[in-house]
Amino acid sequence: MINSMAATHSQGKVLKDVIFGASAAANAAAQKYGADKVTNGTIGAIMDDEGKLLCIPTVEKVLRSLPMNEIAAYAPIAGLPAYLEAVKNLTFADNKPDGYLEAVATAGGTGAIHNTIWNYSEIGDSVLTSDWYWGTYNVLCNEAGRKLETYELFDENMNYNIDSFTDKVNSLLADQDSLLIIINTPAHNPTGYSLSEEDWDKVLDVCKEHVKGGDKKITLLVDIAYIDYAGEKNESRKFMRKFANLPDNIFTIFAFSMSKGYTLYGQRTGAMVGLSSNKEIATEFLNVCKYTSRATWSNINRGAMATLATIDKDKTLLAQFEAERDAIYQTIKERGAIFMNEAAQCGLKALPYKAGFFLSIPSTDPAAVCEKLHDDLIFAVPLKRGVRIAVCSISAEKMHGIAQKTLNALNFVEGK
């Protein structure tokens, strides 16, 4: 009897998203006990102090003011020209590195990662990222016929583990002619960690050493989805100057997203910005990524692109927008500080949180810890290596006490 009509490469695929599963459990508890009694730390979106989805007011005003034809019409496959120019400027602020730049609009930051995996890694090869990572990286690699390999993000002193990174790059490039490396920084999901400028110097030194002979190629995908909540815009982008004048066989791609920085999560609007010291390589990037976009989603949300372009070209709107977003950043910063200060006081060993939407606590049994937290009506996301808490979605009032309760749950599960 036939029990599958799917192609062999698609058979057995079942999406098990722990984030949405944890969120569903939190929503069910809110229905049962009341939202005021439930702490939902599963949502990767900014919620206000009443638990409602927060949208930056200027973004909402501009989007709603667009004429219908600007919302409903098709956009060019590569994206609206004004949008692409704005994205290039927004990606770097005052830290634009020397080199040739091209940009292609994508279906959110996820689309940028998809296009990069497809065009800058070989079928069957491994892609490298850290052992704490956004789980969709693995889904994207599997879907494209690649494998995701990891190195240890932190050493024993909770610093960036350049030794583990080096060992893994050495190992993979011993077997592969090219390597795609995904680094999510600043404000890493799920830890809130940001690589320092010194960390980047070491990463780039490793990459330069491997491409010296000319027979190896490295593509660095810098996932900057959370950069607008990582601190002052130029300070958080200073590291980008380091990508100027790299060898031709090191190519850099920045994954830009409107989901977080513009609070337009569901509009699925992002971009990929390619940087090379070689003009031909930058032109190739534009061509191959436009081709993949056409073959995947064709074109993306015109209204969201027009919204960004409209804000960017109006100095008054831009200043108002940046002030509103900075206020949100300060709110998230306060929430994260409450947790980390209380964690230090009670002895909870959280990973080093610098900024962003999430922080994480290592655990040998994350699912059991999250289940135990349900006793206190606290809902978090169990990852492979620990528990992720979304500081972006928990009010400052509710954040008080979570660190101690997390420690209690850890001790209960791990028998301490």
# chains A, B, ... in the order shown; residues from 1 in each chain; ligands from 1

call {"tool": "residues_around", "arguments": {"residues": "Lys52 in chain A", "least_positions_apart": "3", "cutoff": "12 Å", "atoms": "only C-alpha atoms", "output": "JSON, numbers by chain"}}
result
{"A": [35, 36, 40, 43, 45, 46, 47, 48, 49, 55, 392, 393, 394, 395]}

call {"tool": "write_last_selection", "arguments": {"atoms": "all heavy atoms", "output": "CSV table (one decimal), in the first residue's frame"}}
result
chain,number,residue,atom,x,y,z
A,35,ALA,N,-4.7,36.5,32.1
A,35,ALA,CA,-3.4,37.0,31.5
A,35,ALA,C,-2.6,37.7,32.6
A,35,ALA,O,-1.3,37.6,32.5
A,35,ALA,CB,-3.7,37.9,30.3
A,36,ASP,N,-3.2,38.4,33.5
A,36,ASP,CA,-2.5,39.1,34.5
A,36,ASP,C,-1.7,38.2,35.5
A,36,ASP,O,-0.7,38.6,36.1
A,36,ASP,CB,-3.4,40.0,35.4
A,36,ASP,CG,-4.5,39.2,36.1
A,36,ASP,OD1,-5.1,38.2,35.5
A,36,ASP,OD2,-4.8,39.4,37.3
A,40,ASN,N,4.4,35.3,30.2
A,40,ASN,CA,4.7,34.7,28.9
A,40,ASN,C,6.0,35.2,28.4
A,40,ASN,O,6.2,36.3,27.8
A,40,ASN,CB,3.6,35.0,27.9
A,40,ASN,CG,3.7,34.2,26.6
A,40,ASN,OD1,4.8,33.6,26.4
A,40,ASN,ND2,2.7,34.2,25.8
A,43,ILE,N,7.5,34.8,23.7
A,43,ILE,CA,7.2,35.6,22.4
A,43,ILE,C,8.4,36.4,22.0
A,43,ILE,O,8.9,37.2,22.7
A,43,ILE,CB,6.0,36.5,22.7
A,43,ILE,CG1,4.8,35.7,23.2
A,43,ILE,CG2,5.6,37.3,21.4
A,43,ILE,CD1,3.6,36.6,23.7
A,45,ALA,N,8.6,39.0,20.2
A,45,ALA,CA,8.1,40.2,19.8
A,45,ALA,C,7.9,41.2,21.0
A,45,ALA,O,7.8,40.7,22.1
A,45,ALA,CB,6.8,40.1,19.0
A,46,ILE,N,8.0,42.5,20.7
A,46,ILE,CA,7.9,43.4,21.9
A,46,ILE,C,6.5,43.6,22.3
A,46,ILE,O,5.6,43.9,21.5
A,46,ILE,CB,8.5,44.8,21.4
A,46,ILE,CG1,9.9,44.6,20.9
A,46,ILE,CG2,8.5,45.7,22.6
A,46,ILE,CD1,10.4,45.8,20.1
A,47,MET,N,6.3,43.3,23.6
A,47,MET,CA,4.9,43.5,24.2
A,47,MET,C,5.0,44.7,25.2
A,47,MET,O,6.0,44.8,25.9
A,47,MET,CB,4.5,42.2,24.9
A,47,MET,CG,4.7,40.9,24.1
A,47,MET,SD,3.8,40.9,22.5
A,47,MET,CE,2.1,40.5,23.2
A,48,ASP,N,3.9,45.4,25.2
A,48,ASP,CA,3.9,46.5,26.2
A,48,ASP,C,3.7,46.0,27.6
A,48,ASP,O,3.5,44.8,27.8
A,48,ASP,CB,2.9,47.6,25.8
A,48,ASP,CG,1.5,47.1,25.8
A,48,ASP,OD1,1.2,46.1,26.5
A,48,ASP,OD2,0.6,47.8,25.2
A,49,ASP,N,3.6,46.9,28.6
A,49,ASP,CA,3.4,46.4,30.0
A,49,ASP,C,2.1,45.8,30.3
A,49,ASP,O,1.9,45.1,31.3
A,49,ASP,CB,3.6,47.6,30.9
A,49,ASP,CG,5.1,48.0,31.0
A,49,ASP,OD1,6.0,47.2,30.6
A,49,ASP,OD2,5.4,49.1,31.4
A,55,CYS,N,3.7,48.3,18.4
A,55,CYS,CA,4.1,48.7,17.1
A,55,CYS,C,4.6,50.2,17.3
A,55,CYS,O,3.9,51.0,17.9
A,55,CYS,CB,3.0,48.6,16.1
A,55,CYS,SG,3.5,49.2,14.4
A,392,CYS,N,11.8,40.7,25.9
A,392,CYS,CA,11.1,41.7,25.1
A,392,CYS,C,9.6,41.6,25.4
A,392,CYS,O,8.8,42.6,25.2
A,392,CYS,CB,11.3,41.5,23.6
A,392,CYS,SG,10.9,39.8,23.0
A,393,SER,N,9.1,40.5,25.9
A,393,SER,CA,7.7,40.3,26.1
A,393,SER,C,7.2,40.3,27.5
A,393,SER,O,6.0,40.2,27.8
A,393,SER,CB,7.3,39.0,25.4
A,393,SER,OG,7.8,37.9,26.1
A,394,ILE,N,8.1,40.5,28.5
A,394,ILE,CA,7.8,40.5,29.9
A,394,ILE,C,7.9,41.9,30.5
A,394,ILE,O,9.0,42.5,30.4
A,394,ILE,CB,8.6,39.5,30.7
A,394,ILE,CG1,8.5,38.1,30.1
A,394,ILE,CG2,8.2,39.4,32.2
A,394,ILE,CD1,9.5,37.1,30.7
A,395,SER,N,6.9,42.3,31.2
A,395,SER,CA,6.9,43.7,31.8
A,395,SER,C,7.9,43.7,32.9
A,395,SER,O,8.3,42.6,33.5
A,395,SER,CB,5.6,44.1,32.3
A,395,SER,OG,5.2,43.3,33.4

call {"tool": "select_by_dssp", "arguments": {"residues": "range 181-319 of chain A", "states": "alpha helix (DSSP H)", "output": "NGL selection string"}}
result
:A and (197-211 or 258-261 or 279-296 or 302-313 or 315-319)

call {"tool": "atom_distance", "arguments": {"atom1": "CA of Ala271 in chain A", "atom2": "CA of Met258 in chain A"}}
result
8.6 Å

call {"tool": "residues_around", "arguments": {"residues": "range 104-114 of chain A", "least_positions_apart": "2", "cutoff": "8 Å", "atoms": "only C-alpha atoms", "output": "PyMOL selection string"}}
result
chain A and resi 77-79+84+102+116-118+137+140+221+223+225+255-259+267-273+286+289-290+293+297+299-301

call {"tool": "write_last_selection", "arguments": {"atoms": "N, CA, C and O atoms", "output": "compact mmCIF listing (two decimals), in the first residue's frame"}}
result
# COMPACT_ATOMS: atom_id res chain seq x y z
N ILE A 77 11.50 42.64 -8.32
CA ILE A 77 12.02 41.43 -7.67
C ILE A 77 13.16 41.77 -6.70
O ILE A 77 13.22 41.24 -5.58
N ALA A 78 14.04 42.67 -7.10
CA ALA A 78 15.17 43.02 -6.23
C ALA A 78 14.74 43.93 -5.08
O ALA A 78 15.47 44.08 -4.10
N GLY A 79 13.54 44.54 -5.20
CA GLY A 79 13.08 45.47 -4.18
C GLY A 79 12.98 46.88 -4.73
O GLY A 79 13.58 47.21 -5.76
N LEU A 84 16.14 49.87 -1.11
CA LEU A 84 17.46 49.24 -1.11
C LEU A 84 18.55 50.24 -0.73
O LEU A 84 19.48 49.90 0.02
N GLU A 102 25.96 45.73 -2.72
CA GLU A 102 24.71 45.50 -3.44
C GLU A 102 23.69 45.00 -2.42
O GLU A 102 24.06 44.40 -1.40
N THR A 116 21.12 33.02 1.20
CA THR A 116 22.55 32.87 1.44
C THR A 116 22.95 31.40 1.49
O THR A 116 23.95 30.99 0.88
N ILE A 117 22.19 30.60 2.22
CA ILE A 117 22.50 29.17 2.29
C ILE A 117 22.45 28.54 0.91
O ILE A 117 23.34 27.76 0.53
N TRP A 118 21.44 28.91 0.13
CA TRP A 118 21.28 28.29 -1.19
C TRP A 118 22.40 28.68 -2.15
O TRP A 118 22.90 27.85 -2.91
N TYR A 137 17.75 28.11 11.73
CA TYR A 137 18.96 27.89 10.93
C TYR A 137 19.06 26.43 10.49
O TYR A 137 19.41 26.13 9.34
N LEU A 140 16.40 25.60 7.81
CA LEU A 140 16.79 26.14 6.52
C LEU A 140 17.90 25.33 5.87
O LEU A 140 17.88 25.09 4.65
N LEU A 221 27.98 35.29 6.96
CA LEU A 221 26.63 35.85 7.04
C LEU A 221 26.45 36.44 8.43
O LEU A 221 26.42 35.71 9.43
N ASP A 223 24.05 38.04 10.83
CA ASP A 223 22.61 38.18 11.06
C ASP A 223 22.40 39.31 12.07
O ASP A 223 22.65 39.15 13.26
N ALA A 225 19.53 40.94 12.83
CA ALA A 225 18.09 41.14 13.04
C ALA A 225 17.78 42.00 14.26
O ALA A 225 16.79 42.73 14.27
N ALA A 255 22.32 40.23 6.99
CA ALA A 255 20.90 39.92 6.92
C ALA A 255 20.12 40.97 7.69
O ALA A 255 20.17 41.04 8.91
N PHE A 256 19.40 41.83 6.96
CA PHE A 256 18.65 42.95 7.51
C PHE A 256 17.18 42.57 7.65
O PHE A 256 16.64 41.86 6.79
N SER A 257 16.53 43.02 8.71
CA SER A 257 15.13 42.66 8.94
C SER A 257 14.33 43.87 9.42
O SER A 257 14.80 44.64 10.25
N MET A 258 13.11 44.03 8.88
CA MET A 258 12.19 45.05 9.39
C MET A 258 11.33 44.51 10.53
O MET A 258 10.60 45.27 11.15
N SER A 259 11.40 43.23 10.80
CA SER A 259 10.52 42.62 11.79
C SER A 259 10.71 43.25 13.16
O SER A 259 9.73 43.64 13.80
N GLN A 267 4.83 41.40 8.22
CA GLN A 267 4.91 41.92 6.85
C GLN A 267 6.01 41.23 6.05
O GLN A 267 6.09 41.39 4.83
N ARG A 268 6.86 40.48 6.74
CA ARG A 268 7.91 39.65 6.12
C ARG A 268 8.75 40.44 5.13
O ARG A 268 8.82 40.14 3.93
N THR A 269 9.41 41.47 5.65
CA THR A 269 10.22 42.34 4.80
C THR A 269 11.63 42.45 5.37
O THR A 269 11.81 42.81 6.54
N GLY A 270 12.60 42.13 4.55
CA GLY A 270 13.99 42.22 4.95
C GLY A 270 14.86 42.48 3.74
O GLY A 270 14.37 42.90 2.68
N ALA A 271 16.13 42.23 3.89
CA ALA A 271 17.06 42.41 2.77
C ALA A 271 18.37 41.73 3.10
O ALA A 271 18.67 41.43 4.26
N MET A 272 19.14 41.48 2.07
CA MET A 272 20.50 41.00 2.23
C MET A 272 21.43 42.01 1.55
O MET A 272 21.16 42.46 0.44
N VAL A 273 22.47 42.38 2.27
CA VAL A 273 23.43 43.36 1.75
C VAL A 273 24.77 42.66 1.60
O VAL A 273 25.33 42.15 2.57
N LEU A 286 24.24 40.14 -6.60
CA LEU A 286 22.97 40.74 -7.01
C LEU A 286 22.23 39.82 -7.96
O LEU A 286 21.02 39.57 -7.80
N CYS A 289 21.14 36.23 -6.30
CA CYS A 289 20.12 36.35 -5.25
C CYS A 289 18.78 36.83 -5.81
O CYS A 289 17.72 36.41 -5.34
N LYS A 290 18.81 37.70 -6.83
CA LYS A 290 17.57 38.04 -7.53
C LYS A 290 16.95 36.81 -8.15
O LYS A 290 15.72 36.60 -8.09
N SER A 293 15.38 34.68 -5.45
CA SER A 293 14.17 35.33 -4.96
C SER A 293 13.00 35.06 -5.91
O SER A 293 11.90 34.71 -5.48
N TRP A 297 9.93 33.38 -3.75
CA TRP A 297 8.74 34.16 -3.39
C TRP A 297 8.39 35.21 -4.44
O TRP A 297 7.44 35.95 -4.29
N ASN A 299 8.44 38.34 -5.45
CA ASN A 299 8.77 39.65 -4.90
C ASN A 299 8.10 39.78 -3.53
O ASN A 299 7.29 38.94 -3.16
N ILE A 300 8.45 40.86 -2.83
CA ILE A 300 7.99 40.93 -1.43
C ILE A 300 7.08 42.14 -1.21
O ILE A 300 6.70 42.84 -2.14
N ASN A 301 6.79 42.38 0.05
CA ASN A 301 5.79 43.36 0.49
C ASN A 301 6.16 44.79 0.11
O ASN A 301 7.05 45.40 0.69

call {"tool": "select_by_dssp", "arguments": {"residues": "range 151-360 of chain A", "states": "strand (DSSP E or B)", "output": "PyMOL selection string"}}
result
chain A and resi 151+154+160+178-184+217-223+250-257+270-276+358-360

call {"tool": "residues_around", "arguments": {"residues": "range 303-316 of chain A", "least_positions_apart": "5", "cutoff": "12 Å", "atoms": "only C-alpha atoms", "output": "PyMOL selection string"}}
result
chain A and resi 57-76+78-90+93+104-108+257-259+261-271+321-323

call {"tool": "residues_around", "arguments": {"residues": "Met240 in chain A", "least_positions_apart": "4", "cutoff": "10 Å", "atoms": "only C-alpha atoms", "output": "VMD selection string"}}
result
chain A and resid 91 to 97 197 200 222 234 236 244 254

call {"tool": "write_last_selection", "arguments": {"atoms": "N, CA and C atoms", "output": "tab-separated table (two decimals), in the first residue's frame"}}
result
chain	number	residue	atom	x	y	z
A	91	THR	N	21.92	49.81	7.42
A	91	THR	CA	22.73	48.68	7.88
A	91	THR	C	24.01	49.15	8.54
A	92	PHE	N	24.65	50.16	7.96
A	92	PHE	CA	25.97	50.58	8.44
A	92	PHE	C	25.98	51.87	9.23
A	93	ALA	N	24.94	52.72	9.10
A	93	ALA	CA	24.95	54.07	9.70
A	93	ALA	C	26.23	54.79	9.26
A	94	ASP	N	27.04	55.26	10.21
A	94	ASP	CA	28.26	55.99	9.84
A	94	ASP	C	29.49	55.08	9.76
A	95	ASN	N	29.26	53.78	9.68
A	95	ASN	CA	30.37	52.82	9.68
A	95	ASN	C	30.42	51.98	8.41
A	96	LYS	N	30.05	52.60	7.29
A	96	LYS	CA	30.04	51.87	6.02
A	96	LYS	C	31.48	51.53	5.62
A	97	PRO	N	31.77	50.24	5.43
A	97	PRO	CA	33.13	49.86	5.06
A	97	PRO	C	33.40	50.13	3.58
A	197	GLU	N	34.69	43.97	19.42
A	197	GLU	CA	35.57	44.23	18.27
A	197	GLU	C	36.78	43.31	18.30
A	200	TRP	N	35.80	39.99	16.88
A	200	TRP	CA	35.75	40.04	15.41
A	200	TRP	C	37.14	40.01	14.79
A	222	VAL	N	26.36	37.76	8.51
A	222	VAL	CA	26.18	38.45	9.79
A	222	VAL	C	24.69	38.75	9.93
A	234	ASN	N	25.63	53.89	16.09
A	234	ASN	CA	26.98	53.84	15.54
A	234	ASN	C	27.91	52.99	16.39
A	236	SER	N	27.09	50.32	18.08
A	236	SER	CA	26.78	48.90	17.85
A	236	SER	C	27.19	48.44	16.46
A	244	ALA	N	36.09	45.93	5.53
A	244	ALA	CA	36.64	46.62	4.37
A	244	ALA	C	37.91	45.91	3.88
A	254	PHE	N	25.15	40.77	5.05
A	254	PHE	CA	24.42	41.20	6.24
A	254	PHE	C	22.93	40.93	6.02
